[in-house]
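Undergrad: Sharing a structure with you now.
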Amino acid sequence: MEAKKQVRRKFKFPPYLLLLLPAVTFMLLMYAYPFITSFTRSLIGPDGSITFANYVKTWDLYLKDIVFTFAVTVFSTAITGALAVLLAVYLRFRRGLIPTILSGLYKIPIFIPFVVVAQMMNSFLAPHGLLNIALAKLGLINIDQPLQLFNFSGLSFGFIWKMVPFSVLIIHGGFQMIDDSYIEAARSAGARLFKIITRILIPMSKSSIMVALVLVYSQIVGTFTLPYMLIGGKSPTTITVDIAHRVNYFRDFGVANSLGVFSYFLVFFTAIYYLRSSVKKMAEAKPAEER
Amino acid sequence: MFNKKMLVVSVEIIFLIFVFLLVIWPMMSLFIWSIAETWYWPSTLPQKMGFDYWKQALGMQQSLAIGAVSIVPAFFLSLMIAIIVVVISMLIAIPAGYALAKYRIPFGAFILFLFLMPNAFPQQPIFVNLLRTFTKLGLAGTVSGVILVHILVGLVFGVWITNATFKSIPPYMEEAARSVGASRFQAFYKITLPLAAPGLLASAVFVFITSLDEFTGTFFVGLPFVNTLPMTLYSSSGYNMQFASVIAIILLIPSILFMVLIQRVLKAEYVGGMG
């Protein structure tokens, strides 16, 4: 309220403050405050005292799930990165009808919400689901012993299915920025395709590849829907599912928050990389001063 | 030479078919389940197919045998929440996106951080702590509480997309208007806003879809009283595959439409948070 008065007086009040005020206030109350309390509440025991008991309990009960989450995330991110680079290379070099169709087709999963992906994988990967039926028809498996996929492999499949297209979009964007002349020069100097990929395309679009990997990694750590609907309470499961169980069944916010802090630690390095590179990018594109 | 070309093309065709199956097949699974009325193991396809579950979901029939209720109320609840979320988010996001694009702001890095952090860290602990706060405030399990959480999820994208849009408009346009006597607000309203309209619209549609599909925040803050479409999908997925598949397809349609619409203005990093 004071701010408004000041604007009407002669005192020159920076106009951007009022423009930013609602959004920043909202984010402070609805994001920064709960973010900080996820640390503070993880240190408060059931009796209200300050203690590490929640962390001890988390370590005892959920270490296996923390390792599982980390393993699924690293595995899915690595496979996603490799597949995305390959597909992006293909789309960068090939011209014609088939690459055009493919470049429309591959994008579809990006837009499918995670809750739908979860339901899709839940029916597709089921013991009696379409995947097992088809593999049996092809004679690859015995239909009486279907693949059990509501575990590490099915979860990774779901993540990779959803994340590869998104990564291709970013990495292909990076590849497109590289001028053809570099590639032509390398070709005329006798470089083969493999050399061009490893010496030109990948090094020159390192930042897009890193951003894709970092975003995929941190998203997988934080995703709740897919593991919840695919694995649920079975062991081992992901941190996100454990948090939901702690809150829904026990109203145990202490352990839920210490699990949350563990998930923050899992993304610590990727988060720093993402924040630093994003702020740097913003600083490079300097805003126009308005006077 | 000719043979080599043929070989490359056939490998490409096989690759195309492979990708096609990989993308479409899981989606086919949803579709087949949505029209399966009787499907006993180990039949490859359902023994009896029909649109009974669709009719039931859309409120066109009420059969006790199917054991699922109409999703029409959930649909309208989701729609109402999404519309309110878009209006409030955009009212907050447009000024912020504009300010971040046009002014040099002290503590600018801190403000950028605040809007980037939800992308960098898992959001679930945030929802858990909001649930506690909301319980104290009487907002847990209410539509207002869910709207607040959806605004949180949508606002970040709203601010980034509007910010990128305003940045793409050269500052001399507004300066020219100012120099012929327009006030700052007039210059914005008459010059910048129309130029930014497509980007702002894309951003609004994005926030709309985000709200429509939001699951985790609603799960923590809204259950068991706020049954949006994704919540209804979740609660039926355990025991009624057909019904869950119908809802999944209904949620899929706006997302795919959106994809066709914003292909042109698509910025890769924003779509990362979808779902």
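Identifiers in this document derive from the order of the structure tokens: chains are assigned A, B, ..., residues are numbered from 1 separately in each chain, and ligands are numbered from 1 in order of occurrence.
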Show which residues sit within 8 Å of region 202-211 of chain B, as a list in words. Count only C-alpha atoms, and ignore same-chain residues fewer than 4 positions away.
TA: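 Result of the neighbour search: Ser78, Ile81, Ala82, Ile83, Val85, Val86, Ser89, Met90, His150, Ile151, Val153, Gly154, Leu155, Phe157, Gly158, Ile161, Thr162, Pro198, Pro254, Ser255, Phe258, Ile262, Val265, Met274 and Gly275 of chain B.
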Undergrad: Include C-alpha atoms and write out the residues we just selected as a compact mmCIF listing (two decimals), in the first residue's frame.
TA:
```txt
# COMPACT_ATOMS: atom_id res chain seq x y z
CA SER B 78 -10.89 -29.42 -14.30
CA ILE B 81 -9.90 -24.70 -12.39
CA ALA B 82 -7.82 -24.40 -15.57
CA ILE B 83 -9.64 -21.24 -16.71
CA VAL B 85 -5.60 -20.58 -13.19
CA VAL B 86 -4.92 -19.17 -16.66
CA SER B 89 -1.39 -16.70 -13.76
CA MET B 90 -1.35 -14.47 -16.83
CA HIS B 150 -1.77 -24.98 -10.18
CA ILE B 151 -0.88 -21.29 -10.37
CA VAL B 153 3.14 -24.77 -11.46
CA GLY B 154 1.87 -22.62 -14.34
CA LEU B 155 3.32 -19.27 -13.27
CA PHE B 157 6.24 -21.24 -17.46
CA GLY B 158 4.02 -18.21 -17.85
CA ILE B 161 7.38 -17.59 -22.08
CA THR B 162 6.04 -14.04 -21.72
CA PRO B 198 0.78 -14.64 -30.25
CA PRO B 254 -6.05 -31.19 -25.74
CA SER B 255 -2.32 -31.88 -25.44
CA PHE B 258 -1.87 -27.91 -28.46
CA ILE B 262 2.28 -24.21 -31.09
CA VAL B 265 6.58 -20.95 -31.38
CA MET B 274 4.78 -30.79 -19.35
CA GLY B 275 2.78 -33.28 -17.34
```
Undergrad: If we count only C-alpha atoms, what is near Gln123 (chain B) at a cut-off of 12 Å, once residues fewer than 2 positions away on the same chain are taken out, given as a ChimeraX atom specification?
TA: /A:30-32,34-35,38,218-224,240,243,257,260-261,263-264,267 /B:116-121,125-130,149,152-153,215-217,220,273
Undergrad: Put those residues in a file: C-alpha atoms, as a PDB file, in the first residue's frame.
TA:
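So out_15.pdb came out as:
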```
ATOM      1  CA  MET A  30       4.290 -20.523  -2.365  1.00  0.00           C
ATOM      2  CA  TYR A  31       7.769 -21.673  -3.382  1.00  0.00           C
ATOM      3  CA  ALA A  32      10.626 -20.215  -1.331  1.00  0.00           C
ATOM      4  CA  PRO A  34       7.927 -24.335   1.515  1.00  0.00           C
ATOM      5  CA  PHE A  35      11.397 -24.937   0.029  1.00  0.00           C
ATOM      6  CA  SER A  38      11.364 -28.746   3.760  1.00  0.00           C
ATOM      7  CA  SER A 218      16.289 -33.656 -12.516  1.00  0.00           C
ATOM      8  CA  GLN A 219      12.827 -34.338 -13.914  1.00  0.00           C
ATOM      9  CA  ILE A 220      13.174 -38.091 -13.464  1.00  0.00           C
ATOM     10  CA  VAL A 221      14.297 -37.696  -9.850  1.00  0.00           C
ATOM     11  CA  GLY A 222      11.208 -35.603  -9.116  1.00  0.00           C
ATOM     12  CA  THR A 223       8.597 -37.554 -11.051  1.00  0.00           C
ATOM     13  CA  PHE A 224       5.899 -39.066  -8.899  1.00  0.00           C
ATOM     14  CA  THR A 240       8.726 -39.808  -4.548  1.00  0.00           C
ATOM     15  CA  ILE A 243       7.213 -39.470   0.391  1.00  0.00           C
ATOM     16  CA  ASN A 257      10.827 -33.946   4.372  1.00  0.00           C
ATOM     17  CA  GLY A 260      12.678 -34.655   0.156  1.00  0.00           C
ATOM     18  CA  VAL A 261      16.053 -33.278   1.231  1.00  0.00           C
ATOM     19  CA  SER A 263      15.994 -35.916  -3.401  1.00  0.00           C
ATOM     20  CA  TYR A 264      17.392 -32.357  -3.392  1.00  0.00           C
ATOM     21  CA  VAL A 267      19.906 -33.188  -8.051  1.00  0.00           C
TER      22      VAL A 267
ATOM     23  CA  LEU B 116      14.304 -21.150 -12.256  1.00  0.00           C
ATOM     24  CA  MET B 117      14.439 -23.210  -9.092  1.00  0.00           C
ATOM     25  CA  PRO B 118      11.179 -25.130  -9.666  1.00  0.00           C
ATOM     26  CA  ASN B 119      12.771 -26.528 -12.843  1.00  0.00           C
ATOM     27  CA  ALA B 120      15.991 -27.477 -11.115  1.00  0.00           C
ATOM     28  CA  PHE B 121      14.659 -29.172  -7.972  1.00  0.00           C
ATOM     29  CA  PRO B 125       8.572 -31.663  -1.240  1.00  0.00           C
ATOM     30  CA  ILE B 126       7.087 -28.226  -1.966  1.00  0.00           C
ATOM     31  CA  PHE B 127       3.612 -29.746  -2.267  1.00  0.00           C
ATOM     32  CA  VAL B 128       4.123 -31.744   0.925  1.00  0.00           C
ATOM     33  CA  ASN B 129       4.933 -28.590   2.859  1.00  0.00           C
ATOM     34  CA  LEU B 130       2.134 -26.641   1.210  1.00  0.00           C
ATOM     35  CA  VAL B 149      -0.943 -24.981  -6.459  1.00  0.00           C
ATOM     36  CA  LEU B 152       2.481 -22.123  -8.810  1.00  0.00           C
ATOM     37  CA  VAL B 153       3.139 -24.772 -11.462  1.00  0.00           C
ATOM     38  CA  PHE B 215      -1.279 -34.486 -10.935  1.00  0.00           C
ATOM     39  CA  THR B 216       1.243 -34.343  -8.089  1.00  0.00           C
ATOM     40  CA  GLY B 217       0.198 -31.039  -6.529  1.00  0.00           C
ATOM     41  CA  PHE B 220      -1.216 -33.809  -2.115  1.00  0.00           C
ATOM     42  CA  GLY B 273       7.862 -29.497 -17.631  1.00  0.00           C
TER      43      GLY B 273
END
```
Undergrad: Pick out the residues sitting within 9 Å of Phe134 (chain B), and hand them over as JSON, numbers by chain; count only C-alpha atoms, and ignore anything fewer than 5 positions along from it in its own chain.
TA: {"B": [129, 139, 140, 141, 145, 221]}
Undergrad: What is the distance, in Å and to one decimal place, between CA of Gly174 (chain A) and CA of Arg187 (chain A)?
TA: 19.9 Å
Undergrad: What is the distance between CA of Thr270 (chain A) and CA of Met27 (chain A), in Å to one decimal?
TA: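 Calculated distance between CA of Thr270 (chain A) and CA of Met27 (chain A) is 21.8 Å.
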Undergrad: Which is closest to chain A among B:Val180, B:Val226, B:Leu201, B:Leu261, if we use only C-alpha atoms?
TA: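 Closest to chain A, using only C-alpha atoms: B:Leu261.
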Undergrad: Please identify all polymer residues within 8 Å of region 55-57 of chain B, counting only C-alpha atoms, omitting same-chain residues fewer than 5 positions from it, and present them as a PyMOL selection string.
TA: chain B and resi 62-63+66+68-72+243+246-247
Undergrad: Could you find all residues in region 2-189 of chain A that DSSP calls alpha helix (DSSP H) from the backbone, and write them as a VMD selection string?
TA: chain A and resid 2 to 8 15 to 27 33 to 40 53 to 93 97 to 105 114 to 124 130 to 137 152 to 177 180 to 188
Undergrad: For the contact check between region 60-163 of chain A and region 12-27 of chain B, emit one row per residue of region 60-163 of chain A within 8 Å, containing the shortest atom pair and the distance in Å rounded to one decimal, counting only C-alpha atoms, chain then rising number order, as a tab-separated table.
TA:
```
residue	atom	partner	partner_atom	distance
A:Ile98	CA	B:Leu16	CA	7.0
A:Leu102	CA	B:Leu16	CA	6.7
A:Leu105	CA	B:Phe20	CA	7.1
A:Tyr106	CA	B:Val23	CA	7.2
A:Ile108	CA	B:Val23	CA	7.5
A:Pro109	CA	B:Val23	CA	7.2
A:Met120	CA	B:Pro26	CA	6.0
A:Met121	CA	B:Pro26	CA	6.8
A:Phe124	CA	B:Pro26	CA	5.6
A:Leu130	CA	B:Pro26	CA	7.8
A:Trp161	CA	B:Val23	CA	7.9
```
Undergrad: Please, could you write that set of residues out with N, CA and C atoms as a short mmCIF file (atom, residue, chain, number, x, y, z; two decimals), in the first residue's frame?
TA:
```cif
data_model
loop_
_atom_site.label_atom_id
_atom_site.label_comp_id
_atom_site.auth_asym_id
_atom_site.auth_seq_id
_atom_site.Cartn_x
_atom_site.Cartn_y
_atom_site.Cartn_z
N ILE A 98 11.15 -39.47 -45.46
CA ILE A 98 11.17 -40.26 -44.23
C ILE A 98 11.63 -39.42 -43.02
N LEU A 102 9.43 -38.57 -39.73
CA LEU A 102 9.99 -38.89 -38.41
C LEU A 102 10.05 -37.67 -37.50
N LEU A 105 6.75 -37.28 -36.10
CA LEU A 105 6.32 -38.42 -35.28
C LEU A 105 6.98 -38.45 -33.91
N TYR A 106 8.29 -38.18 -33.90
CA TYR A 106 9.01 -38.39 -32.64
C TYR A 106 8.57 -37.41 -31.56
N ILE A 108 5.59 -36.55 -30.62
CA ILE A 108 4.30 -36.80 -29.95
C ILE A 108 4.42 -37.00 -28.44
N PRO A 109 5.34 -37.87 -27.95
CA PRO A 109 5.36 -38.11 -26.50
C PRO A 109 5.63 -36.86 -25.65
N MET A 120 -0.76 -45.37 -19.64
CA MET A 120 -0.40 -46.07 -20.87
C MET A 120 0.57 -47.20 -20.58
N MET A 121 1.62 -46.90 -19.83
CA MET A 121 2.64 -47.89 -19.52
C MET A 121 2.07 -48.96 -18.59
N PHE A 124 0.27 -51.12 -21.04
CA PHE A 124 1.13 -51.62 -22.12
C PHE A 124 2.14 -52.64 -21.59
N LEU A 130 -0.11 -55.40 -24.02
CA LEU A 130 0.14 -55.51 -25.46
C LEU A 130 1.58 -55.89 -25.78
N TRP A 161 10.91 -43.40 -22.88
CA TRP A 161 9.87 -43.15 -23.90
C TRP A 161 9.44 -41.68 -23.88
#
```
Undergrad: For chain A, which residue out of B:Leu91, B:Leu195, B:Ala74, B:Leu200 is the nearest one, using only C-alpha atoms?
TA: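 Using only C-alpha atoms, the shortest distance to chain A belongs to B:Leu91.
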Undergrad: Which one of A:Tyr274, A:Tyr228, A:Phe157, A:Phe250 sits closest to chain B if you count only C-alpha atoms?
TA: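 When distances to chain B are compared using only C-alpha atoms, the smallest one comes from A:Tyr274.
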Undergrad: Hey, which of A:Lys64, A:Arg251, A:Arg199, A:Arg192 ends up closest to chain B? Count only C-alpha atoms.
TA: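 Among the listed residues, the smallest separation from chain B belongs to A:Arg251.
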Undergrad: Hey, what's within 10 Å of Ser168 (chain B) if we count only C-alpha atoms and toss same-chain stuff fewer than 3 positions away? As JSON, numbers by chain, please?
TA: {"B": [101, 162, 163, 164, 165, 171, 195, 196, 199]}
Undergrad: Which of these, B:Ser245, B:Thr232, B:Thr218, B:Thr44, has the shortest distance to Val143 (chain B) once you count only C-alpha atoms?
TA: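 Residue with the minimum atom-to-atom distance to Val143 (chain B): B:Thr218.
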Undergrad: Between CA of Leu140 (chain A) and CA of Ser29 (chain B), what is the distance in Å, rounded to a tenth?
TA: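 We find that CA of Leu140 (chain A) and CA of Ser29 (chain B) lie 19.6 Å from each other.
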Undergrad: Can you work out which one of A:Val255, A:Ala134, A:Val211, A:Ile112 has the shortest atom-to-atom distance to Trp59 (chain A), counting only C-alpha atoms?
TA: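 Nearest to Trp59 (chain A): A:Val255.
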Undergrad: Quick one: everything within 10 Å of Phe113 (chain B), counting only C-alpha atoms, minus sequence neighbours fewer than 4 positions away in the same chain. Send it as a list in words.
TA: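 Skipping anything fewer than 4 positions along the chain leaves Leu275, Arg276, Ser278 and Val279 of chain A; Phe107, Gly108, Ala109, Met117, Pro118 and Ala120 of chain B.
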Undergrad: List every residue of region 14-255 of chain B that DSSP, applied to the backbone of this structure, places in strand (DSSP E or B), and write the result as a JSON list (two decimals) with C-alpha atoms, in the first residue's frame.
TA:
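Output saved as result-v9.json:
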```
[["chain", "number", "residue", "atom", "x", "y", "z"],
["B", 36, "ALA", "CA", -12.69, -53.53, -24.51],
["B", 37, "GLU", "CA", -15.91, -54.79, -22.99],
["B", 38, "THR", "CA", -14.82, -58.36, -22.46],
["B", 48, "LYS", "CA", -16.19, -58.10, -27.18],
["B", 49, "MET", "CA", -15.58, -54.52, -28.18]]
```
Undergrad: What lies within 12 Å of His128 (chain A) using only C-alpha atoms, ignoring chain neighbours under 4 positions off, as a ChimeraX atom specification?
TA: /A:122-124,132-136,142-150 /B:29,33,39-46
Undergrad: I need the chosen residues saved as a short mmCIF file (atom, residue, chain, number, x, y, z; two decimals), in the first residue's frame, with C-alpha atoms.
TA:
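Printed below is again33.cif as written:
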```
data_model
loop_
_atom_site.label_atom_id
_atom_site.label_comp_id
_atom_site.auth_asym_id
_atom_site.auth_seq_id
_atom_site.Cartn_x
_atom_site.Cartn_y
_atom_site.Cartn_z
CA ASN A 122 0.52 -49.45 -16.80
CA SER A 123 -1.56 -51.25 -19.43
CA PHE A 124 1.13 -51.62 -22.12
CA ASN A 132 3.98 -59.19 -23.83
CA ILE A 133 1.26 -60.38 -26.22
CA ALA A 134 3.23 -59.09 -29.19
CA LEU A 135 6.52 -60.54 -28.01
CA ALA A 136 4.77 -63.89 -27.54
CA ASN A 142 6.61 -67.88 -23.68
CA ILE A 143 3.18 -66.37 -23.05
CA ASP A 144 2.84 -68.33 -19.80
CA GLN A 145 5.93 -66.61 -18.47
CA PRO A 146 5.43 -63.00 -19.46
CA LEU A 147 8.08 -60.37 -18.77
CA GLN A 148 7.55 -58.73 -15.39
CA LEU A 149 8.05 -55.06 -16.10
CA PHE A 150 6.60 -53.24 -13.11
CA SER B 29 -2.91 -50.03 -25.78
CA TRP B 33 -8.54 -50.93 -23.50
CA TRP B 39 -11.15 -59.29 -22.53
CA TYR B 40 -10.17 -62.64 -21.06
CA TRP B 41 -6.58 -63.74 -20.96
CA PRO B 42 -4.83 -64.92 -23.13
CA SER B 43 -6.81 -63.58 -26.07
CA THR B 44 -4.79 -61.16 -28.22
CA LEU B 45 -7.70 -58.81 -28.71
CA PRO B 46 -10.81 -58.26 -26.59
#
```
